[in-house]
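Below is one structure; the comments refer to it alone.
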Amino acid sequence: MGRRRYVARGVPGGYRIWDNKTRRWWGDLYELCPDDLLNELNGARDNDKITAVLKRYRAMKR
């Protein structure tokens, strides 16, 4: 199994997603670790599922 492209890293205030390929942050700051988002990004990469998960995390921020 190869190295994961997207990983969650703890930062002050929550978690951010680090993209190992482009070596930069991806997405927003999340208060809780976005495990299901990471699984989808590193796995099937289905755009509809990724969009649904992102909307759910954004709704949790409000």
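We name chains A, B, ... following the order of the structure tokens; residues begin at 1 in each chain, and ligands are numbered from 1 as shown.
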Neighbours of A:Trp18 within 9 Å (only C-alpha atoms; same-chain residues fewer than 3 positions away dropped), as a ChimeraX atom specification?
/A:5-9,22-27
I need the residues of chain A that end up classed as strand (DSSP E or B) by DSSP on the backbone, written out as a list in words.
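After running DSSP on the backbone, chain A has strand (DSSP E or B) at Tyr6, Val7, Ala8, Arg9, Gly10, Val11, Gly14, Tyr15, Arg16, Ile17, Trp18, Asp19, Arg24, Trp25, Trp26, Gly27, Asp28, Leu29 and Tyr30 of chain A.
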Rounded to one decimal in Å, what is the spacing between atom CA of A:Asn47 and atom CA of A:Pro12?
28.7 Å
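For the set A:Val11, A:Tyr30, A:Asn42, A:Asp35, the residue with the smallest atom-to-atom gap to A:Ala59 is A:Tyr30, counting only C-alpha atoms.
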Env of A:Met60: 12 Å cut, atoms = only C-alpha atoms, seq-sep filter 3 positions within chain, self excluded. Answer as JSON, numbers by chain.
{"A": [29, 30, 31, 32, 34, 53, 54, 55, 56, 57]}
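Among the residues of chain A, backbone DSSP assigns alpha helix (DSSP H) to A:Asp35, A:Asp36, A:Leu37, A:Leu38, A:Asn39, A:Glu40, A:Leu41, A:Asn42, A:Asn47, A:Asp48, A:Lys49, A:Ile50, A:Thr51, A:Ala52, A:Val53, A:Leu54, A:Lys55, A:Arg56, A:Tyr57, A:Arg58, A:Ala59, A:Met60, A:Lys61.
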